[in-house]
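Below: run-v6.pdb (PDB, C-alpha atoms and all ligand atoms)
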MODEL        1
ATOM      1  CA  MET A 181       0.000   0.000   0.000
ATOM      2  CA  ASN A 182       1.510   3.322  -0.949
ATOM      3  CA  ARG A 183       1.667   6.406   1.237
ATOM      4  CA  VAL A 184      -1.344   8.115  -0.349
ATOM      5  CA  ALA A 185      -3.493   5.060   0.188
ATOM      6  CA  LEU A 186      -2.388   4.844   3.822
ATOM      7  CA  ALA A 187      -3.214   8.505   4.361
ATOM      8  CA  LEU A 188      -6.668   8.032   2.845
ATOM      9  CA  LEU A 189      -7.283   4.988   5.051
ATOM     10  CA  ALA A 190      -6.208   6.872   8.174
ATOM     11  CA  GLY A 191      -8.490   9.741   7.191
ATOM     12  CA  SER A 192     -11.498   7.484   6.736
ATOM     13  CA  ILE A 193     -10.951   5.821  10.145
ATOM     14  CA  SER A 194     -10.699   9.113  11.998
ATOM     15  CA  LEU A 195     -13.893  10.373  10.335
ATOM     16  CA  TRP A 196     -15.617   7.111  11.203
ATOM     17  CA  LEU A 197     -14.712   7.482  14.878
ATOM     18  CA  ILE A 198     -15.940  11.052  15.321
ATOM     19  CA  PRO A 199     -19.593  11.196  16.420
ATOM     20  CA  PRO A 200     -21.847  13.380  14.271
ATOM     21  CA  ALA A 201     -21.883  17.019  15.347
ATOM     22  CA  GLY A 202     -24.520  17.602  18.012
ATOM     23  CA  ALA A 203     -25.050  13.893  18.654
ATOM     24  CA  GLN A 204     -23.833  14.002  22.260
ATOM     25  CA  VAL A 205     -26.607  13.512  24.771
ATOM     26  CA  ARG A 206     -26.425  14.906  28.281
ATOM     27  CA  VAL A 207     -28.269  13.351  31.217
ATOM     28  CA  LEU A 208     -29.206  15.998  33.798
ATOM     29  CA  ASN A 209     -27.992  15.377  37.361
ATOM     30  CA  PRO A 210     -26.437  12.054  36.254
ATOM     31  CA  GLY A 211     -24.714  11.327  39.560
ATOM     32  CA  PHE A 212     -27.388  12.675  41.957
ATOM     33  CA  GLU A 213     -25.142  15.401  43.338
ATOM     34  CA  ALA A 214     -27.495  18.378  42.765
ATOM     35  CA  ASP A 215     -29.673  17.899  45.867
ATOM     36  CA  ARG A 216     -28.739  17.956  49.545
ATOM     37  CA  PHE A 217     -31.191  15.844  51.548
ATOM     38  CA  SER A 218     -30.970  16.071  55.327
ATOM     39  CA  LEU A 219     -34.021  14.168  56.579
ATOM     40  CA  TRP A 220     -33.533  10.486  57.358
ATOM     41  CA  PRO A 221     -33.641   8.014  55.635
ATOM     42  CA  GLY A 222     -33.124  10.174  52.544
ATOM     43  CA  THR A 223     -36.306   9.515  50.569
ATOM     44  CA  ALA A 224     -37.306  12.272  48.176
ATOM     45  CA  ASP A 225     -40.804  12.219  49.718
ATOM     46  CA  ALA A 226     -39.286  13.297  53.051
ATOM     47  CA  ASN A 227     -37.017  15.900  51.430
ATOM     48  CA  GLY A 228     -39.153  18.191  49.280
ATOM     49  CA  LYS A 229     -40.637  15.533  46.973
ATOM     50  CA  ALA A 230     -38.239  16.294  44.120
ATOM     51  CA  ILE A 231     -34.973  15.018  42.658
ATOM     52  CA  ASP A 232     -33.358  17.523  40.314
ATOM     53  CA  GLY A 233     -33.737  16.447  36.676
ATOM     54  CA  TRP A 234     -35.764  13.320  37.442
ATOM     55  CA  SER A 235     -39.299  12.208  38.207
ATOM     56  CA  TYR A 236     -39.951   9.168  40.361
ATOM     57  CA  GLN A 237     -42.540   6.832  41.827
ATOM     58  CA  GLY A 238     -42.171   4.899  45.067
ATOM     59  CA  ASN A 239     -39.501   5.073  47.756
ATOM     60  CA  VAL A 240     -36.709   6.759  45.819
ATOM     61  CA  GLY A 241     -34.089   8.962  47.423
ATOM     62  CA  ILE A 242     -30.474   9.926  47.986
ATOM     63  CA  ASN A 243     -27.837   8.636  50.427
ATOM     64  CA  PRO A 244     -25.984   9.682  52.431
ATOM     65  CA  ILE A 245     -28.088  12.413  53.966
ATOM     66  CA  GLN A 246     -26.322  15.585  55.047
ATOM     67  CA  PRO A 247     -25.774  16.440  58.711
ATOM     68  CA  SER A 248     -28.388  18.834  60.064
ATOM     69  CA  PRO A 249     -29.913  19.894  63.390
ATOM     70  CA  ASN A 250     -32.426  17.068  62.809
ATOM     71  CA  SER A 251     -29.696  14.418  62.863
ATOM     72  CA  ARG A 252     -29.822  12.089  65.815
ATOM     73  CA  PRO A 253     -26.560  10.995  67.466
ATOM     74  CA  GLY A 254     -25.425   7.651  66.082
ATOM     75  CA  GLN A 255     -27.957   7.656  63.258
ATOM     76  CA  ASP A 256     -26.560   6.089  60.064
ATOM     77  CA  PRO A 257     -26.667   8.801  57.379
ATOM     78  CA  ALA A 258     -26.764   6.123  54.639
ATOM     79  CA  PRO A 259     -29.137   3.326  55.669
ATOM     80  CA  PHE A 260     -29.685   2.199  52.061
ATOM     81  CA  PHE A 261     -26.164   2.845  50.745
ATOM     82  CA  ASP A 262     -24.662   0.296  53.159
ATOM     83  CA  ASN A 263     -21.838  -1.179  51.054
ATOM     84  CA  GLY A 264     -19.522  -0.371  48.136
ATOM     85  CA  GLY A 265     -17.556   2.729  47.209
ATOM     86  CA  CYS A 266     -19.351   5.800  45.850
ATOM     87  CA  PRO A 267     -18.699   5.692  42.078
ATOM     88  CA  GLU A 268     -19.038   9.441  41.448
ATOM     89  CA  GLY A 269     -19.109  12.426  43.769
ATOM     90  CA  ARG A 270     -20.480  11.863  47.282
ATOM     91  CA  GLN A 271     -24.046  10.653  46.751
ATOM     92  CA  VAL A 272     -25.933   7.768  45.141
ATOM     93  CA  LEU A 273     -29.601   7.204  44.369
ATOM     94  CA  PHE A 274     -31.620   4.418  45.942
ATOM     95  CA  MET A 275     -34.839   2.764  44.751
ATOM     96  CA  GLN A 276     -36.510   0.653  47.424
ATOM     97  CA  ASN A 277     -38.753  -2.309  46.498
ATOM     98  CA  GLN A 278     -40.942  -1.498  43.464
ATOM     99  CA  ALA A 279     -40.121   1.972  42.169
ATOM    100  CA  SER A 280     -39.319   3.905  39.023
ATOM    101  CA  LEU A 281     -37.076   6.776  37.992
ATOM    102  CA  ARG A 282     -37.519   8.723  34.762
ATOM    103  CA  GLN A 283     -35.930  11.516  32.759
ATOM    104  CA  ASP A 284     -36.887  12.744  29.290
ATOM    105  CA  VAL A 285     -33.387  13.010  27.854
ATOM    106  CA  ASP A 286     -33.046  15.467  24.988
ATOM    107  CA  GLY A 287     -30.499  15.792  22.212
ATOM    108  CA  PHE A 288     -30.727  12.498  20.332
ATOM    109  CA  VAL A 289     -29.875  12.676  16.637
ATOM    110  CA  LYS A 290     -31.695  10.451  14.157
ATOM    111  CA  GLY A 291     -29.584   7.545  12.923
ATOM    112  CA  THR A 292     -26.897   7.911  15.611
ATOM    113  CA  ARG A 293     -26.119   4.861  17.748
ATOM    114  CA  TYR A 294     -26.065   5.133  21.534
ATOM    115  CA  ARG A 295     -25.816   3.042  24.671
ATOM    116  CA  ILE A 296     -26.709   3.667  28.313
ATOM    117  CA  VAL A 297     -23.869   3.255  30.826
ATOM    118  CA  PHE A 298     -24.342   3.369  34.598
ATOM    119  CA  ARG A 299     -23.158   1.964  37.935
ATOM    120  CA  GLU A 300     -25.319  -0.307  40.072
ATOM    121  CA  ASN A 301     -25.238  -1.948  43.474
ATOM    122  CA  ALA A 302     -27.746  -3.359  45.955
ATOM    123  CA  ARG A 303     -28.432  -2.661  49.593
ATOM    124  CA  HIS A 304     -26.873  -5.455  51.643
ATOM    125  CA  ASN A 305     -29.265  -5.186  54.608
ATOM    126  CA  ASN A 306     -27.842  -8.387  56.146
ATOM    127  CA  ALA A 307     -29.564 -10.416  53.427
ATOM    128  CA  PRO A 308     -27.195 -10.403  50.435
ATOM    129  CA  GLU A 309     -28.997 -13.361  48.844
ATOM    130  CA  ARG A 310     -32.324 -11.472  48.679
ATOM    131  CA  ASN A 311     -31.751  -9.317  45.613
ATOM    132  CA  PRO A 312     -33.645  -6.463  44.000
ATOM    133  CA  ARG A 313     -34.400  -6.620  40.294
ATOM    134  CA  LEU A 314     -33.805  -3.819  37.807
ATOM    135  CA  ARG A 315     -34.592  -3.136  34.149
ATOM    136  CA  VAL A 316     -33.824  -0.057  32.072
ATOM    137  CA  GLY A 317     -35.680   1.275  29.066
ATOM    138  CA  LEU A 318     -35.411   4.101  26.590
ATOM    139  CA  GLY A 319     -38.349   5.330  24.541
ATOM    140  CA  GLY A 320     -40.380   2.286  25.544
ATOM    141  CA  GLU A 321     -37.737  -0.304  24.541
ATOM    142  CA  ILE A 322     -36.043  -2.363  27.247
ATOM    143  CA  LEU A 323     -32.294  -1.926  26.719
ATOM    144  CA  VAL A 324     -31.075  -3.555  29.948
ATOM    145  CA  SER A 325     -33.214  -6.612  30.627
ATOM    146  CA  GLU A 326     -34.555  -7.361  34.081
ATOM    147  CA  HIS A 327     -31.797  -8.796  36.252
ATOM    148  CA  ASP A 328     -30.842  -9.440  39.874
ATOM    149  CA  VAL A 329     -28.668  -6.738  41.420
ATOM    150  CA  GLN A 330     -26.318  -8.082  44.078
ATOM    151  CA  PRO A 331     -24.410  -6.132  46.738
ATOM    152  CA  VAL A 332     -20.778  -5.655  45.742
ATOM    153  CA  GLY A 333     -19.413  -5.716  49.291
ATOM    154  CA  GLU A 334     -19.978  -6.567  52.904
ATOM    155  CA  ILE A 335     -22.336  -4.475  54.979
ATOM    156  CA  GLY A 336     -20.719  -1.314  56.326
ATOM    157  CA  ILE A 337     -17.673  -1.620  54.032
ATOM    158  CA  ARG A 338     -17.797   1.153  51.433
ATOM    159  CA  GLU A 339     -14.790   0.212  49.296
ATOM    160  CA  MET A 340     -15.668  -2.208  46.490
ATOM    161  CA  PRO A 341     -16.595  -0.501  43.201
ATOM    162  CA  PHE A 342     -20.216  -0.607  42.083
ATOM    163  CA  ALA A 343     -20.830  -2.839  39.041
ATOM    164  CA  ARG A 344     -20.611  -1.101  35.648
ATOM    165  CA  VAL A 345     -23.521  -1.801  33.304
ATOM    166  CA  GLU A 346     -23.652  -1.170  29.544
ATOM    167  CA  SER A 347     -26.936  -1.442  27.700
ATOM    168  CA  ALA A 348     -27.542  -2.863  24.256
ATOM    169  CA  VAL A 349     -26.735  -0.424  21.464
ATOM    170  CA  PHE A 350     -29.695   1.381  19.936
ATOM    171  CA  THR A 351     -30.202   3.693  16.983
ATOM    172  CA  ALA A 352     -32.198   6.879  17.520
ATOM    173  CA  PRO A 353     -35.186   6.742  15.141
ATOM    174  CA  GLY A 354     -35.623  10.512  15.288
ATOM    175  CA  ASP A 355     -34.191  13.768  16.652
ATOM    176  CA  GLY A 356     -35.121  14.985  20.107
ATOM    177  CA  ALA A 357     -36.044  13.519  23.489
ATOM    178  CA  PHE A 358     -36.677   9.961  24.646
ATOM    179  CA  ALA A 359     -37.774   8.761  28.084
ATOM    180  CA  LEU A 360     -35.035   7.024  30.063
ATOM    181  CA  VAL A 361     -36.686   4.819  32.702
ATOM    182  CA  PHE A 362     -35.194   2.715  35.510
ATOM    183  CA  GLU A 363     -37.673   0.279  37.107
ATOM    184  CA  THR A 364     -37.282  -2.019  40.079
ATOM    185  CA  THR A 365     -39.659  -4.967  40.158
ATOM    186  CA  PHE A 366     -39.099  -6.959  43.369
ATOM    187  CA  ALA A 367     -40.654  -5.699  46.588
ATOM    188  CA  ASP A 368     -39.343  -7.659  49.561
ATOM    189  CA  ARG A 369     -37.122  -5.388  51.684
ATOM    190  CA  VAL A 370     -34.587  -4.690  48.931
ATOM    191  CA  ALA A 371     -33.086  -1.602  47.308
ATOM    192  CA  VAL A 372     -31.068  -0.813  44.178
ATOM    193  CA  LEU A 373     -28.320   1.827  44.310
ATOM    194  CA  LEU A 374     -27.490   3.823  41.159
ATOM    195  CA  ASP A 375     -24.898   6.416  40.161
ATOM    196  CA  ASP A 376     -23.087   7.976  37.175
ATOM    197  CA  ILE A 377     -25.760   7.498  34.493
ATOM    198  CA  ARG A 378     -24.557   8.409  31.008
ATOM    199  CA  ILE A 379     -25.659   7.977  27.423
ATOM    200  CA  GLU A 380     -22.699   7.483  25.104
ATOM    201  CA  VAL A 381     -22.449   7.765  21.351
ATOM    202  CA  VAL A 382     -21.318   4.448  19.858
ATOM    203  CA  THR A 383     -18.882   5.020  17.031
ATOM    204  CA  GLY A 384     -18.605   2.877  13.923
ATOM    205  CA  LEU A 385     -15.915   0.454  14.990
ATOM    206  CA  GLU A 386     -17.524  -0.487  18.321
ATOM    207  CA  ASP A 387     -20.287  -3.031  18.778
ATOM    208  CA  ALA A 388     -20.897  -3.283  15.070
ATOM    209  CA  GLU A 389     -23.103  -6.410  15.220
ATOM    210  CA  PRO A 390     -26.413  -5.281  13.689
ATOM    211  CA  GLU A 391     -28.479  -7.730  15.792
ATOM    212  CA  ARG A 392     -27.640  -5.707  18.908
ATOM    213  CA  GLY A 393     -29.139  -2.557  17.467
ATOM    214  CA  LYS A 394     -32.564  -1.484  18.673
ATOM    215  CA  SER A 395     -34.792   1.373  17.676
ATOM    216  CA  PRO A 396     -36.815   2.784  20.524
ATOM    217  CA  GLY A 397     -40.132   4.527  19.986
ATOM    218  CA  ARG A 398     -41.074   7.766  21.692
TER     219      ARG A 398
HETATM  220 CA    CA A 401     -22.846  10.470  42.668
ENDMDL
END
If you convert what's in this file into structure tokens, what do you get?
Ligand SMILES: [Ca+2]
Amino acid sequence: MNRVALALLAGSISLWLIPPAGAQVRVLNPGFEADRFSLWPGTADANGKAIDGWSYQGNVGINPIQPSPNSRPGQDPAPFFDNGGCPEGRQVLFMQNQASLRQDVDGFVKGTRYRIVFRENARHNNAPERNPRLRVGLGGEILVSEHDVQPVGEIGIREMPFARVESAVFTAPGDGAFALVFETTFADRVAVLLDDIRIEVVTGLEDAEPERGKSPGR
């Protein structure tokens, strides 16, 4: 192969790897650092009934809670976040029993391929074999199928990294916003912990198998 051909090949690869202009999608409050909850146990219902950027149903909230005059001596500020190291910032989200968390994420570009990436863990609660179940959808398509979420560490030890989850790759069928929804489906004294939720553009040389592609609806 001569030098011109090599240069052309290099040029085509670099173009292939650059996402289309404007295709980046930004999740608002992706690591649950925007709010400061101070009322135990950290549910949103007890702390103003709102989580910045998100809507929710059920017992959803943020741990740890922040110290305040309401804090009782010896009270655990993170009763749900009871194991594993915080993946991003200082706070994680919890979803207890059956609950849902939703954000209409804007900025998708028709024809661009994306995947959801996030960190997950489960409350240990002295019952590590009793696991919550989680599924994740976008625009009505399930992109992370329902699965058990297991605690990454022992209770009270906040060192082990949360598990990293990558969804199936999907192709945006249109420009604009799609609903990103996390749902927990098992309701027996369990809780899922989430942090660092991102939507990444998948470039041409990654995950090229067409059978993994999905096209969510609105
Ligand atoms: Ca965080």
Distance filter 12 Å around ligand CA 401 (chain A), atoms: only C-alpha atoms and all ligand atoms, out as a PyMOL selection string = chain A and resi 209-216+242-244+261+265-274+298-300+342+373-378
Taking the file above as input, evaluate the PyMOL selection byres (((chain A and resi 355) around 10) and not hetatm) and report the hits as a PDB file with C-alpha atoms, in the frame of the given file.
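Heads up, here's the output in out-v2.pdb:
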ATOM      1  CA  ALA A 203     -25.050  13.893  18.654  1.00  0.00           C
ATOM      2  CA  ASP A 286     -33.046  15.467  24.988  1.00  0.00           C
ATOM      3  CA  GLY A 287     -30.499  15.792  22.212  1.00  0.00           C
ATOM      4  CA  PHE A 288     -30.727  12.498  20.332  1.00  0.00           C
ATOM      5  CA  VAL A 289     -29.875  12.676  16.637  1.00  0.00           C
ATOM      6  CA  LYS A 290     -31.695  10.451  14.157  1.00  0.00           C
ATOM      7  CA  GLY A 291     -29.584   7.545  12.923  1.00  0.00           C
ATOM      8  CA  THR A 292     -26.897   7.911  15.611  1.00  0.00           C
ATOM      9  CA  ALA A 352     -32.198   6.879  17.520  1.00  0.00           C
ATOM     10  CA  PRO A 353     -35.186   6.742  15.141  1.00  0.00           C
ATOM     11  CA  GLY A 354     -35.623  10.512  15.288  1.00  0.00           C
ATOM     12  CA  GLY A 356     -35.121  14.985  20.107  1.00  0.00           C
ATOM     13  CA  ALA A 357     -36.044  13.519  23.489  1.00  0.00           C
ATOM     14  CA  PHE A 358     -36.677   9.961  24.646  1.00  0.00           C
TER      15      PHE A 358
END
Shell of 9 Å around stretch 313-319 of chain A, only C-alpha atoms, local chain residues under 3 positions omitted, as a PDB file with C-alpha atoms, in the coordinates of the input:
ATOM      1  CA  ASN A 277     -38.753  -2.309  46.498  1.00  0.00           C
ATOM      2  CA  GLN A 278     -40.942  -1.498  43.464  1.00  0.00           C
ATOM      3  CA  ASP A 284     -36.887  12.744  29.290  1.00  0.00           C
ATOM      4  CA  ILE A 296     -26.709   3.667  28.313  1.00  0.00           C
ATOM      5  CA  ILE A 322     -36.043  -2.363  27.247  1.00  0.00           C
ATOM      6  CA  LEU A 323     -32.294  -1.926  26.719  1.00  0.00           C
ATOM      7  CA  VAL A 324     -31.075  -3.555  29.948  1.00  0.00           C
ATOM      8  CA  SER A 325     -33.214  -6.612  30.627  1.00  0.00           C
ATOM      9  CA  GLU A 326     -34.555  -7.361  34.081  1.00  0.00           C
ATOM     10  CA  HIS A 327     -31.797  -8.796  36.252  1.00  0.00           C
ATOM     11  CA  ASP A 328     -30.842  -9.440  39.874  1.00  0.00           C
ATOM     12  CA  VAL A 329     -28.668  -6.738  41.420  1.00  0.00           C
ATOM     13  CA  SER A 347     -26.936  -1.442  27.700  1.00  0.00           C
ATOM     14  CA  ALA A 357     -36.044  13.519  23.489  1.00  0.00           C
ATOM     15  CA  PHE A 358     -36.677   9.961  24.646  1.00  0.00           C
ATOM     16  CA  ALA A 359     -37.774   8.761  28.084  1.00  0.00           C
ATOM     17  CA  LEU A 360     -35.035   7.024  30.063  1.00  0.00           C
ATOM     18  CA  VAL A 361     -36.686   4.819  32.702  1.00  0.00           C
ATOM     19  CA  PHE A 362     -35.194   2.715  35.510  1.00  0.00           C
ATOM     20  CA  GLU A 363     -37.673   0.279  37.107  1.00  0.00           C
ATOM     21  CA  THR A 364     -37.282  -2.019  40.079  1.00  0.00           C
ATOM     22  CA  THR A 365     -39.659  -4.967  40.158  1.00  0.00           C
ATOM     23  CA  PHE A 366     -39.099  -6.959  43.369  1.00  0.00           C
ATOM     24  CA  ALA A 367     -40.654  -5.699  46.588  1.00  0.00           C
ATOM     25  CA  VAL A 370     -34.587  -4.690  48.931  1.00  0.00           C
ATOM     26  CA  ALA A 371     -33.086  -1.602  47.308  1.00  0.00           C
ATOM     27  CA  VAL A 372     -31.068  -0.813  44.178  1.00  0.00           C
ATOM     28  CA  SER A 395     -34.792   1.373  17.676  1.00  0.00           C
ATOM     29  CA  PRO A 396     -36.815   2.784  20.524  1.00  0.00           C
ATOM     30  CA  GLY A 397     -40.132   4.527  19.986  1.00  0.00           C
ATOM     31  CA  ARG A 398     -41.074   7.766  21.692  1.00  0.00           C
TER      32      ARG A 398
END
At what distance in Å, to one decimal, does atom CA of A:Val240 lie from atom CA of A:Met275?
->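 About the pair atom CA of A:Met275 and atom CA of A:Val240: they are 4.5 Å apart.
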Put the listed atoms of stretch 205-208 of chain A in a box along x, y and z with 5 Å added on every side and give me the centre and edge lengths in Å to one decimal, as AutoDock Vina command-line options.
--center_x -27.8 --center_y 14.7 --center_z 29.3 --size_x 12.8 --size_y 12.6 --size_z 19.0
The PyMOL selection byres (((chain A and resi 258) around 8) and not hetatm) on the file shown: which residues, as a ChimeraX atom specification?
-> /A:221-222,243-245,256-257,259-262
Separating atom CA of A:Gly233 from atom CA of A:Arg206, to the nearest tenth of an Å, is a gap of 11.2 Å
Carefully work through the PyMOL selection byres (((chain A and resi 248) around 12) and not hetatm) for this structure and note down the residues it includes, as a VMD selection string.
-> chain A and resid 216 to 220 245 to 247 249 to 253 255 257
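Comparing A:Ile231, A:Ile335, A:Ala226, A:Ala343 by their smallest distance to A:Gln283, the closest is A:Ile231 (using only C-alpha atoms).
Interatomic distance, atom CA of A:Asp368 against atom CA of A:Pro341: 24.7 Å.
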Spatial neighbours of A:Asn263, 10 Å, only C-alpha atoms, chain gap at least 5 places, as an mmCIF file with C-alpha atoms, in the coordinates of the input:
data_model
loop_
_atom_site.group_PDB
_atom_site.id
_atom_site.type_symbol
_atom_site.label_atom_id
_atom_site.label_comp_id
_atom_site.auth_asym_id
_atom_site.auth_seq_id
_atom_site.Cartn_x
_atom_site.Cartn_y
_atom_site.Cartn_z
ATOM 1 C CA ALA A 258 -26.764 6.123 54.639
ATOM 2 C CA ASN A 301 -25.238 -1.948 43.474
ATOM 3 C CA ALA A 302 -27.746 -3.359 45.955
ATOM 4 C CA ARG A 303 -28.432 -2.661 49.593
ATOM 5 C CA HIS A 304 -26.873 -5.455 51.643
ATOM 6 C CA ASN A 305 -29.265 -5.186 54.608
ATOM 7 C CA PRO A 331 -24.410 -6.132 46.738
ATOM 8 C CA VAL A 332 -20.778 -5.655 45.742
ATOM 9 C CA GLY A 333 -19.413 -5.716 49.291
ATOM 10 C CA GLU A 334 -19.978 -6.567 52.904
ATOM 11 C CA ILE A 335 -22.336 -4.475 54.979
ATOM 12 C CA GLY A 336 -20.719 -1.314 56.326
ATOM 13 C CA ILE A 337 -17.673 -1.620 54.032
ATOM 14 C CA ARG A 338 -17.797 1.153 51.433
ATOM 15 C CA GLU A 339 -14.790 0.212 49.296
ATOM 16 C CA MET A 340 -15.668 -2.208 46.490
ATOM 17 C CA PRO A 341 -16.595 -0.501 43.201
ATOM 18 C CA PHE A 342 -20.216 -0.607 42.083
ATOM 19 C CA LEU A 373 -28.320 1.827 44.310
#
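For A:Gln237, the set of protein, DNA and RNA residues having any atom at most 7 Å away, when counting all atoms listed in the file and skipping those fewer than 3 positions along the same chain, is Ala279, Ser280 and Leu281 of chain A.
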